[in-house]
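Participant: Input file: my_file-v2.cif. Contents: mmCIF, C-alpha atoms and all ligand atoms.
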data_start
#
loop_
_atom_site.label_atom_id
_atom_site.label_comp_id
_atom_site.auth_asym_id
_atom_site.auth_seq_id
_atom_site.Cartn_x
_atom_site.Cartn_y
_atom_site.Cartn_z
CA MET A 1 -3.23 99.28 140.79
CA TYR A 2 0.07 100.96 140.11
CA GLY A 3 2.83 100.52 142.70
CA ASP A 4 3.33 103.47 145.07
CA GLY A 5 5.91 105.07 142.82
CA LEU A 6 3.35 105.53 140.05
CA THR A 7 0.17 106.72 141.74
CA GLN A 8 1.23 110.33 142.31
CA PRO A 9 1.72 112.81 139.48
CA ILE A 10 5.41 113.25 138.74
CA ALA A 11 6.62 116.68 139.79
CA VAL A 12 10.07 117.81 138.80
CA HIS A 13 11.92 117.93 142.13
CA ASP A 14 13.70 120.84 143.73
CA ASP A 15 17.13 121.64 142.46
CA GLU A 16 19.50 118.73 143.18
CA THR A 17 21.80 120.98 145.19
CA GLN A 18 19.09 121.51 147.81
CA ARG A 19 19.12 117.85 148.77
CA VAL A 20 22.78 117.52 149.75
CA ASP A 21 24.65 119.91 151.98
CA GLN A 22 27.43 122.20 150.87
CA ALA A 23 30.11 120.23 152.73
CA PHE A 24 29.24 117.05 150.82
CA ARG A 25 29.20 118.85 147.49
CA SER A 26 32.58 120.47 148.14
CA GLU A 27 34.09 117.14 149.17
CA VAL A 28 32.80 115.42 146.02
CA GLU A 29 33.87 118.23 143.72
CA ALA A 30 37.35 118.48 145.23
CA PHE A 31 37.85 114.72 144.87
CA LEU A 32 36.59 114.60 141.29
CA ASP A 33 38.58 117.65 140.20
CA GLU A 34 41.75 116.15 141.61
CA SER A 35 41.27 112.49 140.60
CA LEU A 36 39.74 112.73 137.16
CA THR A 37 42.76 113.27 134.96
CA GLU A 38 42.28 114.45 131.40
CA ALA A 39 43.11 110.92 130.19
CA LEU A 40 40.31 109.45 132.33
CA ARG A 41 37.84 112.09 131.13
CA GLU A 42 38.77 111.42 127.57
CA ALA A 43 38.17 107.68 128.10
CA GLY A 44 34.78 108.56 129.58
CA ARG A 45 33.91 110.85 126.64
CA GLU A 46 34.93 108.22 124.09
CA THR A 47 32.80 105.46 125.62
CA THR A 48 30.19 104.15 123.23
CA GLY A 49 29.16 100.86 124.90
CA LEU A 50 28.19 99.87 128.42
CA LYS A 51 31.69 100.23 129.89
CA SER A 52 34.69 102.46 129.25
CA ALA A 53 38.01 100.98 128.09
CA PRO A 54 39.36 98.37 130.58
CA ASP A 55 42.50 100.37 131.51
CA ALA A 56 40.51 103.51 132.31
CA CYS A 57 37.93 101.49 134.25
CA GLY A 58 40.71 99.86 136.29
CA ALA A 59 42.39 103.16 137.10
CA TRP A 60 39.12 104.91 138.02
CA ARG A 61 37.87 101.92 140.03
CA ASP A 62 41.11 101.93 142.08
CA LYS A 63 40.77 105.63 142.88
CA LEU A 64 37.16 105.21 143.98
CA PHE A 65 38.06 102.14 146.03
CA GLN A 66 40.90 103.96 147.82
CA ARG A 67 38.51 106.81 148.66
CA GLY A 68 35.80 104.36 149.87
CA TRP A 69 33.34 105.57 147.21
CA LEU A 70 33.23 102.63 144.82
CA ALA A 71 29.90 101.36 146.15
CA PRO A 72 27.86 104.47 147.02
CA SER A 73 24.72 102.58 148.04
CA TRP A 74 26.36 99.84 150.12
CA PRO A 75 26.37 100.21 153.91
CA VAL A 76 29.65 101.38 155.46
CA LYS A 77 30.03 98.12 157.40
CA HIS A 78 30.34 96.28 154.07
CA GLY A 79 32.85 98.74 152.63
CA GLY A 80 30.35 101.02 150.89
CA ALA A 81 29.99 104.79 151.16
CA GLY A 82 26.67 104.43 153.02
CA TRP A 83 25.29 107.49 151.28
CA SER A 84 21.69 108.63 151.21
CA THR A 85 19.77 108.45 147.95
CA ALA A 86 20.30 112.17 147.42
CA GLN A 87 24.05 111.89 147.96
CA ARG A 88 24.28 108.87 145.65
CA LEU A 89 22.39 110.57 142.82
CA TYR A 90 24.36 113.78 143.30
CA PHE A 91 27.64 111.87 143.04
CA GLU A 92 26.47 109.92 139.99
CA ASN A 93 25.50 113.13 138.20
CA ALA A 94 28.72 114.89 139.22
CA CYS A 95 30.76 112.00 137.75
CA ALA A 96 28.71 112.10 134.55
CA GLU A 97 29.10 115.88 134.22
CA ARG A 98 32.87 115.44 134.31
CA ASP A 99 32.86 112.48 131.90
CA ALA A 100 34.25 109.99 134.44
CA PRO A 101 34.84 106.52 132.97
CA ILE A 102 31.72 104.31 133.04
CA LEU A 103 32.27 101.26 135.26
CA GLN A 104 28.86 99.55 135.15
CA SER A 105 30.10 96.74 137.40
CA SER A 106 27.48 94.06 137.94
CA GLY A 107 29.38 93.11 141.12
CA VAL A 108 28.86 96.52 142.71
CA ARG A 109 25.46 97.28 141.22
CA THR A 110 23.67 93.94 141.06
CA ILE A 111 24.97 90.85 142.83
CA GLY A 112 26.71 92.81 145.63
CA PRO A 113 23.44 94.43 146.82
CA LEU A 114 21.70 91.03 146.63
CA ILE A 115 24.44 89.37 148.73
CA ILE A 116 24.12 92.21 151.26
CA GLU A 117 20.36 91.60 151.46
CA GLU A 118 20.16 87.83 151.27
CA GLY A 119 23.65 86.29 151.42
CA SER A 120 24.95 84.26 154.36
CA PRO A 121 27.59 85.79 156.67
CA SER A 122 30.32 83.68 155.02
CA GLN A 123 29.19 84.79 151.53
CA LYS A 124 29.34 88.41 152.64
CA ALA A 125 32.84 87.92 154.03
CA ARG A 126 34.05 86.11 150.93
CA TYR A 127 32.47 88.04 148.08
CA LEU A 128 31.90 91.65 149.12
CA PRO A 129 35.55 92.65 149.78
CA ALA A 130 36.62 90.89 146.56
CA ILE A 131 34.01 92.81 144.53
CA LEU A 132 35.26 96.09 145.99
CA SER A 133 38.95 95.31 145.46
CA GLY A 134 38.29 94.27 141.84
CA GLU A 135 39.51 90.73 142.48
CA HIS A 136 36.09 89.36 141.50
CA GLU A 137 34.20 90.40 138.35
CA TRP A 138 30.69 89.00 137.90
CA CYS A 139 28.48 88.14 134.95
CA GLN A 140 24.80 87.17 134.79
CA GLY A 141 23.82 83.72 133.51
CA PHE A 142 20.05 83.81 133.11
CA SER A 143 19.14 83.71 129.39
CA GLU A 144 19.34 80.57 127.27
CA SER A 145 18.49 79.84 123.63
CA GLN A 146 14.89 78.94 124.53
CA ALA A 147 14.61 81.15 127.58
CA GLY A 148 14.75 84.91 127.07
CA SER A 149 11.56 86.83 127.74
CA ASP A 150 10.13 83.59 129.07
CA LEU A 151 13.08 83.10 131.40
CA SER A 152 11.31 80.45 133.46
CA ALA A 153 11.60 78.08 130.47
CA LEU A 154 15.32 77.70 131.21
CA SER A 155 16.83 74.24 131.14
CA LEU A 156 20.43 74.38 132.45
CA ARG A 157 20.49 71.30 134.71
CA ALA A 158 21.83 71.32 138.28
CA GLU A 159 21.98 67.68 139.36
CA ARG A 160 22.70 67.06 143.04
CA ASP A 161 25.71 64.83 143.76
CA GLY A 162 26.66 64.87 147.45
CA ASP A 163 27.74 68.38 148.44
CA ASP A 164 27.92 69.54 144.82
CA PHE A 165 25.58 70.40 141.98
CA VAL A 166 26.71 69.19 138.55
CA LEU A 167 25.80 71.73 135.84
CA SER A 168 25.04 70.71 132.25
CA GLY A 169 23.72 72.92 129.46
CA SER A 170 24.43 76.44 128.26
CA LYS A 171 23.72 80.14 128.75
CA LEU A 172 23.35 82.70 125.99
CA TRP A 173 24.07 86.45 125.68
CA THR A 174 26.20 86.47 128.85
CA SER A 175 27.65 89.99 128.89
CA PHE A 176 31.34 90.34 129.82
CA ALA A 177 31.73 86.63 130.66
CA GLN A 178 35.15 86.87 129.00
CA TYR A 179 36.36 89.03 131.91
CA ALA A 180 34.33 87.46 134.71
CA THR A 181 35.76 85.43 137.57
CA HIS A 182 32.24 84.47 138.73
CA MET A 183 28.77 84.01 137.33
CA PHE A 184 25.47 84.16 139.17
CA LEU A 185 23.04 81.88 137.40
CA LEU A 186 19.69 80.17 137.50
CA ALA A 187 19.56 76.41 136.99
CA ARG A 188 16.91 73.69 137.19
CA ASN A 189 17.52 71.33 140.09
CA VAL A 190 14.26 69.37 139.63
CA PRO A 191 14.39 67.92 136.07
CA SER A 192 10.63 67.37 135.80
CA SER A 193 9.75 70.87 137.05
CA ARG A 194 8.26 73.62 134.90
CA GLY A 195 8.37 77.43 134.98
CA GLY A 196 9.61 79.09 138.14
CA GLU A 197 9.40 75.87 140.19
CA GLY A 198 12.45 73.70 140.94
CA LEU A 199 15.14 76.34 140.29
CA VAL A 200 18.26 77.20 142.22
CA PHE A 201 20.24 80.49 142.20
CA LEU A 202 23.97 79.66 142.20
CA LEU A 203 27.24 81.59 142.53
CA VAL A 204 29.73 79.82 140.26
CA GLU A 205 33.48 80.31 139.78
CA MET A 206 34.27 80.73 136.08
CA ASP A 207 37.53 78.75 136.25
CA ARG A 208 35.80 75.49 137.19
CA PRO A 209 36.62 72.63 134.79
CA GLY A 210 33.98 72.18 132.08
CA ILE A 211 33.12 75.89 131.52
CA ASP A 212 33.69 77.14 127.99
CA VAL A 213 33.09 80.83 127.05
CA ARG A 214 32.60 81.55 123.34
CA PRO A 215 32.27 85.11 121.97
CA ILE A 216 29.27 86.55 120.11
CA ARG A 217 30.29 89.53 117.97
CA PHE A 218 27.92 92.46 117.42
CA ILE A 219 27.19 93.94 114.00
CA ASP A 220 29.87 96.59 114.66
CA GLY A 221 32.49 93.97 115.62
CA GLN A 222 32.30 94.68 119.38
CA HIS A 223 32.58 91.75 121.76
CA GLU A 224 30.41 92.22 124.84
CA THR A 225 28.29 89.08 124.99
CA ASN A 226 29.03 85.36 124.93
CA GLU A 227 27.65 81.88 124.86
CA VAL A 228 28.76 79.87 127.91
CA PHE A 229 28.75 76.07 127.92
CA PHE A 230 28.69 73.86 131.02
CA ASP A 231 29.94 70.30 130.64
CA LYS A 232 29.44 68.49 133.96
CA VAL A 233 30.67 71.46 135.97
CA ARG A 234 30.85 70.73 139.71
CA THR A 235 29.96 73.59 142.04
CA PRO A 236 29.23 73.46 145.80
CA VAL A 237 25.59 73.30 146.91
CA SER A 238 26.47 75.86 149.57
CA ASP A 239 27.40 78.46 146.91
CA ARG A 240 23.79 79.52 146.39
CA ILE A 241 21.49 82.29 147.50
CA GLY A 242 18.07 81.30 148.82
CA ASP A 243 16.69 77.81 149.28
CA ILE A 244 17.09 75.01 146.78
CA GLY A 245 14.01 75.11 144.56
CA GLU A 246 13.36 78.78 145.41
CA GLY A 247 15.76 80.32 142.88
CA TRP A 248 12.99 82.13 141.01
CA LYS A 249 12.22 84.30 144.01
CA THR A 250 15.89 85.28 144.34
CA ALA A 251 16.20 85.97 140.60
CA LYS A 252 13.16 88.27 140.67
CA ARG A 253 14.71 90.30 143.47
CA LEU A 254 17.98 90.50 141.58
CA MET A 255 16.22 91.68 138.40
CA SER A 256 14.44 94.36 140.36
CA ILE A 257 17.79 95.67 141.65
CA ALA A 258 19.35 95.49 138.16
CA ARG A 259 16.49 97.28 136.41
CA SER A 260 16.38 100.12 138.88
CA ASN A 261 19.94 101.19 138.04
CA ASN A 262 20.23 100.01 134.45
CA THR A 263 20.38 103.41 132.72
CA THR A 264 20.65 106.36 135.07
CA THR A 265 20.05 110.10 134.62
CA GLY A 266 23.83 110.56 134.58
CA VAL A 267 24.17 108.16 131.63
CA LEU A 268 21.39 110.00 129.76
CA ARG A 269 22.80 113.47 130.41
CA ARG A 270 26.24 112.52 129.20
CA ALA A 271 24.77 110.85 126.08
CA LEU A 272 22.83 114.04 125.28
CA ARG A 273 25.92 116.18 125.83
CA ALA A 274 27.92 113.91 123.53
CA ALA A 275 25.23 114.09 120.83
CA GLN A 276 25.16 117.90 121.04
CA ARG A 277 28.96 118.05 120.88
CA GLU A 278 29.11 115.84 117.80
CA ALA A 279 26.30 117.82 116.15
CA ALA A 280 28.12 121.13 116.76
CA GLU A 281 31.34 119.69 115.35
CA SER A 282 29.51 118.43 112.26
CA GLY A 283 28.19 121.86 111.24
CA ASP A 284 25.20 124.11 111.88
CA VAL A 285 22.38 122.72 113.98
CA CYS A 286 19.04 123.84 112.50
CA PRO A 287 16.19 125.18 114.71
CA GLN A 288 14.20 121.93 114.39
CA GLU A 289 17.19 119.97 115.65
CA GLU A 290 17.72 122.47 118.48
CA ALA A 291 14.08 121.94 119.43
CA LYS A 292 14.58 118.18 119.51
CA PHE A 293 17.61 118.52 121.77
CA LEU A 294 15.59 120.78 124.09
CA ASP A 295 12.75 118.28 124.15
CA LEU A 296 15.17 115.50 125.11
CA GLN A 297 16.58 117.71 127.85
CA ARG A 298 13.07 118.17 129.23
CA ARG A 299 12.41 114.43 129.10
CA ILE A 300 15.63 113.72 131.00
CA ASP A 301 14.59 116.24 133.69
CA ALA A 302 11.25 114.45 134.05
CA PHE A 303 13.00 111.09 134.14
CA GLU A 304 15.33 112.33 136.86
CA ALA A 305 12.35 113.31 138.98
CA PHE A 306 10.90 109.84 138.58
CA GLU A 307 14.25 108.14 139.24
CA TRP A 308 14.51 110.13 142.46
CA ARG A 309 11.06 109.02 143.63
CA VAL A 310 11.74 105.36 142.97
CA ALA A 311 15.19 105.47 144.57
CA ALA A 312 13.94 107.32 147.63
CA GLY A 313 11.20 104.76 148.24
CA MET A 314 13.28 101.69 147.43
CA VAL A 315 14.58 100.51 150.75
CA ALA A 316 14.00 96.78 150.92
CA VAL A 317 11.75 95.70 148.07
CA ALA A 318 11.37 97.77 144.94
CA PRO A 319 7.87 97.62 143.43
CA ALA A 320 8.21 95.71 140.17
CA PRO A 321 6.09 98.15 138.09
CA ALA A 322 8.24 101.10 139.17
CA THR A 323 11.51 99.43 138.21
CA SER A 324 9.97 98.32 134.91
CA ALA A 325 8.90 101.90 134.22
CA LEU A 326 12.41 103.16 135.02
CA LYS A 327 14.07 100.65 132.72
CA LEU A 328 11.58 101.26 129.91
CA LEU A 329 11.69 105.07 130.05
CA ALA A 330 15.46 105.30 130.40
CA THR A 331 16.39 102.91 127.61
CA GLU A 332 13.89 104.35 125.13
CA LEU A 333 15.11 107.85 125.97
CA HIS A 334 18.71 106.71 125.50
CA GLN A 335 17.82 105.42 122.04
CA ALA A 336 16.03 108.67 121.16
CA ILE A 337 19.18 110.60 122.13
CA THR A 338 21.49 108.49 119.98
CA GLU A 339 19.00 108.67 117.08
CA ILE A 340 19.09 112.47 117.02
CA GLY A 341 22.85 112.17 117.55
CA LEU A 342 23.15 110.16 114.36
CA THR A 343 20.75 112.40 112.42
CA THR A 344 22.68 115.54 113.30
CA ALA A 345 26.16 114.02 112.86
CA PRO A 346 25.68 111.24 110.28
CA HIS A 347 29.38 111.01 109.41
CA SER A 348 30.67 110.92 112.97
CA GLU A 349 32.09 107.49 113.82
CA PHE A 350 31.30 108.17 117.47
CA ALA A 351 27.63 108.94 116.73
CA GLN A 352 27.37 105.82 114.56
CA ALA A 353 28.92 103.60 117.25
CA LYS A 354 26.76 105.13 119.98
CA TYR A 355 23.62 104.61 117.89
CA LEU A 356 24.44 100.92 117.32
CA ALA A 357 25.45 100.35 120.94
CA THR A 358 22.10 101.53 122.30
CA ARG A 359 19.97 99.37 119.99
CA ALA A 360 20.24 96.43 122.40
CA ALA A 361 19.26 98.53 125.44
CA THR A 362 15.57 97.84 124.88
CA ILE A 363 16.28 94.09 124.71
CA TYR A 364 18.57 93.22 127.62
CA SER A 365 17.26 93.19 131.18
CA GLY A 366 13.79 92.54 129.73
CA THR A 367 12.52 93.87 126.41
CA SER A 368 10.32 96.96 126.21
CA GLU A 369 7.34 94.76 125.32
CA ILE A 370 7.82 92.69 128.47
CA HIS A 371 8.04 95.80 130.65
CA ARG A 372 4.90 97.19 129.03
CA ASN A 373 3.18 93.89 129.85
CA ILE A 374 4.26 94.23 133.50
CA LEU A 375 2.95 97.81 133.62
CA ALA A 376 -0.30 96.82 131.94
CA ARG A 377 -0.84 93.97 134.40
CA SER A 378 -0.16 96.30 137.30
CA ILE A 379 -3.22 98.37 136.35
CA GLY A 380 -5.38 95.31 135.93
CA CYS A 381 -5.16 94.71 132.18
CA PRO A 382 -5.51 91.01 131.25
C1 LIG B 401 23.40 93.05 124.24
C2 LIG B 401 22.70 92.05 125.09
C3 LIG B 401 23.23 91.73 126.33
C4 LIG B 401 22.62 90.76 127.12
N1 LIG B 401 23.20 90.41 128.32
C5 LIG B 401 22.67 89.39 129.05
C6 LIG B 401 23.35 88.91 130.23
O1 LIG B 401 24.41 89.42 130.61
N2 LIG B 401 22.80 87.87 130.89
C7 LIG B 401 21.63 87.27 130.50
O2 LIG B 401 21.20 86.36 131.19
N3 LIG B 401 20.97 87.70 129.38
C8 LIG B 401 21.46 88.74 128.65
N4 LIG B 401 20.83 89.17 127.51
C9 LIG B 401 19.64 88.45 127.05
C10 LIG B 401 18.35 89.27 127.16
O3 LIG B 401 17.92 89.32 128.50
C11 LIG B 401 17.32 88.62 126.22
O4 LIG B 401 17.77 88.83 124.90
C12 LIG B 401 15.94 89.22 126.40
O5 LIG B 401 15.37 88.83 127.62
C13 LIG B 401 14.98 88.80 125.23
O6 LIG B 401 15.00 87.42 125.08
P1 LIG B 401 15.22 86.77 123.63
O7 LIG B 401 16.42 87.40 123.01
O8 LIG B 401 15.20 85.30 123.78
O9 LIG B 401 13.98 87.25 122.76
P2 LIG B 401 12.50 86.61 122.80
O10 LIG B 401 12.08 86.39 124.22
O11 LIG B 401 12.47 85.44 121.90
O12 LIG B 401 11.65 87.78 122.22
C14 LIG B 401 11.58 88.07 120.81
C15 LIG B 401 10.61 89.22 120.60
O13 LIG B 401 9.29 88.83 121.04
C16 LIG B 401 8.81 89.75 122.02
N5 LIG B 401 8.04 89.02 123.04
C17 LIG B 401 8.40 87.88 123.67
N6 LIG B 401 7.44 87.52 124.57
C18 LIG B 401 6.48 88.48 124.52
C19 LIG B 401 5.27 88.69 125.22
N7 LIG B 401 4.84 87.84 126.17
N8 LIG B 401 4.55 89.80 124.93
C20 LIG B 401 4.97 90.69 123.99
N9 LIG B 401 6.11 90.53 123.28
C21 LIG B 401 6.87 89.46 123.55
C22 LIG B 401 10.04 90.37 122.63
O14 LIG B 401 9.75 91.64 123.19
C23 LIG B 401 10.96 90.46 121.43
O15 LIG B 401 10.67 91.62 120.68
C24 LIG B 401 21.42 90.14 126.69
C25 LIG B 401 20.87 90.49 125.45
C26 LIG B 401 21.51 91.41 124.65
C27 LIG B 401 20.91 91.72 123.31
#
Please rewrite the model in this file as structure tokens.

Facilitator:
Amino acid sequence: MYGDGLTQPIAVHDDETQRVDQAFRSEVEAFLDESLTEALREAGRETTGLKSAPDACGAWRDKLFQRGWLAPSWPVKHGGAGWSTAQRLYFENACAERDAPILQSSGVRTIGPLIIEEGSPSQKARYLPAILSGEHEWCQGFSESQAGSDLSALSLRAERDGDDFVLSGSKLWTSFAQYATHMFLLARNVPSSRGGEGLVFLLVEMDRPGIDVRPIRFIDGQHETNEVFFDKVRTPVSDRIGDIGEGWKTAKRLMSIARSNNTTTGVLRRALRAAQREAAESGDVCPQEEAKFLDLQRRIDAFEAFEWRVAAGMVAVAPAPATSALKLLATELHQAITEIGLTTAPHSEFAQAKYLATRAATIYSGTSEIHRNILARSIGCP
């Protein structure tokens, strides 16, 4: 059977403005109008990859932090805004409408929520404030050369030695490891184990001796991902989430969080707006192209309705099929937008860069084929 989020027909929801009160909207709009300088908006508009330029991200992050709005979904007691789903989505869309810089922080969006749910009190005290202040930047160390779609085939070793684990092996495709102060990773603590057994989920400081980060350049010369080598890296046994040997369970929860906010409606709307802008600047847009833009607009509206349903029901545990459907729909839609963007503005460097940057979206965080497998299994297919 489908998870709850998929059994009901998807109805496009009421207008967004009906879900948040006027006072909240005015507060958000006043803040954004005042804080988003033209330079920040320009940095947002020019973004082609997953994050805006580092300077713009830093400046925008600081403003959100000062206002207490950097982590909209975190509870107030942990320094978040404590907003409802409706308020969070409203804010996200309002930022996108004004071309705010894209932060895409895996600290705020991925490991932070996991630490809030499953971390120890001392981990919460140590990591959450540092994520919010920008002192800590996180990267994700799951994939390896022989462990991508079949992640449970991973082989990074975590050998116990007193109060430490000693890490040996390597991780591949680690996004933004070059900026990260910390990595959350999965390692094998039982050498003879197979699959999801005998794994541990660790929080590792990137400046520990024995860690070597080497860049992987994309076809367009961008540097987002890396290979990370571990040569007898010592890290405390206590710096883990979940029990030793139970890392797979923790990783599955983390992936569910990550997939549910991988590509949001706000990201899609701003990509469509950028494609339309580039098309208009490149010359006349023919009726067939207009029709394609309208079709994409309609698909984003439908996606937004679905995103809302999943977010509203996702309190403690997100149903895996629903987050897979979100990730699959959003990333394929994002690619469709940048494809029409390139078709209508073939000579635009921005459209070319945007097209290339979204090619990997249907690979990272689980490929489209893997998400289709999850959806198929959820309705009983073999
Ligand atoms: C830009 C980018 C950023 C990334 N960032 C990170 C990161 O920060 N941290 C991290 O840990 N990883 C990261 N990854 C790695 C990403 O998660 C893996 O690339 C992805 O899981 C696919 O694994 P793979 O590359 O080994 O391909 P493979 O698993 O070898 O797959 C190759 C092809 O076979 C298909 N396939 C495999 N198994 C099946 C199956 N059972 N059924 C149907 N088809 C199948 C796949 O869909 C794919 O088309 C990133 C990848 C990219 C490209």

Participant: Rank nothing, just name the residue among A:Leu203, A:Ala251, A:Ala305, A:Ile379 nearest to Arg126 (chain A), using only C-alpha atoms.

Facilitator: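 Between A:Leu203, A:Ala251, A:Ala305, A:Ile379, the residue approaching Arg126 (chain A) most closely is A:Leu203.
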
Participant: Give me the chain A side of the contact with ligand LIG 401 (chain B), cut-off 8 Å, one line per residue showing its nearest atom pair and distance in Å at one decimal, counting only C-alpha atoms and all ligand atoms, sorted by chain and residue number, as a tab-separated table.

Facilitator:
residue	atom	partner	partner_atom	distance
A:Cys139	CA	B:LIG401	O1	6.1
A:Gln140	CA	B:LIG401	N2	4.4
A:Gly141	CA	B:LIG401	O2	4.4
A:Phe142	CA	B:LIG401	O2	3.4
A:Ser143	CA	B:LIG401	O2	3.8
A:Glu144	CA	B:LIG401	O8	7.2
A:Ser145	CA	B:LIG401	O8	6.4
A:Gln146	CA	B:LIG401	O8	6.4
A:Ala147	CA	B:LIG401	O8	5.7
A:Gly148	CA	B:LIG401	O6	3.2
A:Ser149	CA	B:LIG401	O10	3.6
A:Asp150	CA	B:LIG401	O10	5.9
A:Leu151	CA	B:LIG401	O5	7.2
A:Lys171	CA	B:LIG401	O2	7.1
A:Leu172	CA	B:LIG401	N3	6.5
A:Trp173	CA	B:LIG401	C8	4.6
A:Thr174	CA	B:LIG401	O1	3.9
A:Ser175	CA	B:LIG401	O1	3.7
A:Phe176	CA	B:LIG401	O1	7.0
A:Ala177	CA	B:LIG401	O1	7.8
A:Leu185	CA	B:LIG401	O2	7.9
A:Glu224	CA	B:LIG401	C1	7.1
A:Thr225	CA	B:LIG401	C3	5.9
A:Ala360	CA	B:LIG401	C27	4.8
A:Ala361	CA	B:LIG401	C1	7.0
A:Ile363	CA	B:LIG401	C12	5.2
A:Tyr364	CA	B:LIG401	C10	4.0
A:Ser365	CA	B:LIG401	O3	4.8
A:Gly366	CA	B:LIG401	O5	4.6
A:Thr367	CA	B:LIG401	O14	4.8
A:Ser368	CA	B:LIG401	O14	6.1
A:Glu369	CA	B:LIG401	O14	4.5
A:Ile370	CA	B:LIG401	N8	5.6
A:Asn373	CA	B:LIG401	N8	6.5

Participant: Please, which residues are within 12 Å of (20.3, 111.7, 133.9) by the file's coordinates, counting all atoms listed in the file, and could they come as an mmCIF file with C-alpha atoms, in the coordinates of the input?

Facilitator:
data_model
loop_
_atom_site.group_PDB
_atom_site.id
_atom_site.type_symbol
_atom_site.label_atom_id
_atom_site.label_comp_id
_atom_site.auth_asym_id
_atom_site.auth_seq_id
_atom_site.Cartn_x
_atom_site.Cartn_y
_atom_site.Cartn_z
ATOM 1 C CA GLU A 16 19.500 118.730 143.180
ATOM 2 C CA LEU A 89 22.390 110.570 142.820
ATOM 3 C CA TYR A 90 24.360 113.780 143.300
ATOM 4 C CA PHE A 91 27.640 111.870 143.040
ATOM 5 C CA GLU A 92 26.470 109.920 139.990
ATOM 6 C CA ASN A 93 25.500 113.130 138.200
ATOM 7 C CA ALA A 94 28.720 114.890 139.220
ATOM 8 C CA CYS A 95 30.760 112.000 137.750
ATOM 9 C CA ALA A 96 28.710 112.100 134.550
ATOM 10 C CA GLU A 97 29.100 115.880 134.220
ATOM 11 C CA ASN A 261 19.940 101.190 138.040
ATOM 12 C CA ASN A 262 20.230 100.010 134.450
ATOM 13 C CA THR A 263 20.380 103.410 132.720
ATOM 14 C CA THR A 264 20.650 106.360 135.070
ATOM 15 C CA THR A 265 20.050 110.100 134.620
ATOM 16 C CA GLY A 266 23.830 110.560 134.580
ATOM 17 C CA VAL A 267 24.170 108.160 131.630
ATOM 18 C CA LEU A 268 21.390 110.000 129.760
ATOM 19 C CA ARG A 269 22.800 113.470 130.410
ATOM 20 C CA ARG A 270 26.240 112.520 129.200
ATOM 21 C CA ALA A 271 24.770 110.850 126.080
ATOM 22 C CA LEU A 272 22.830 114.040 125.280
ATOM 23 C CA ARG A 273 25.920 116.180 125.830
ATOM 24 C CA LEU A 296 15.170 115.500 125.110
ATOM 25 C CA GLN A 297 16.580 117.710 127.850
ATOM 26 C CA ARG A 298 13.070 118.170 129.230
ATOM 27 C CA ARG A 299 12.410 114.430 129.100
ATOM 28 C CA ILE A 300 15.630 113.720 131.000
ATOM 29 C CA ASP A 301 14.590 116.240 133.690
ATOM 30 C CA ALA A 302 11.250 114.450 134.050
ATOM 31 C CA PHE A 303 13.000 111.090 134.140
ATOM 32 C CA GLU A 304 15.330 112.330 136.860
ATOM 33 C CA ALA A 305 12.350 113.310 138.980
ATOM 34 C CA PHE A 306 10.900 109.840 138.580
ATOM 35 C CA GLU A 307 14.250 108.140 139.240
ATOM 36 C CA TRP A 308 14.510 110.130 142.460
ATOM 37 C CA LEU A 326 12.410 103.160 135.020
ATOM 38 C CA LEU A 329 11.690 105.070 130.050
ATOM 39 C CA ALA A 330 15.460 105.300 130.400
ATOM 40 C CA THR A 331 16.390 102.910 127.610
ATOM 41 C CA LEU A 333 15.110 107.850 125.970
ATOM 42 C CA HIS A 334 18.710 106.710 125.500
ATOM 43 C CA ILE A 337 19.180 110.600 122.130
#

Participant: Just the number, please: distance in Å from CA of Thr343 (chain A) to CA of Asp284 (chain A), one decimal.

Facilitator: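 Computed distance, CA of Thr343 (chain A) to CA of Asp284 (chain A), equals 12.5 Å.
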
Participant: Figure out the distance between CA of Glu281 (chain A) and CA of Ile340 (chain A), please, to one decimal in Å.

Facilitator: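 Interatomic distance, CA of Ile340 (chain A) to CA of Glu281 (chain A): 14.3 Å.
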
Participant: Contacts of region 194-199 of chain A at 9 Å or less, counting all atoms listed in the file, minus same-chain residues fewer than 6 places along, as number ranges by chain?

Facilitator: A: 150-154, 158, 186-188, 244-249
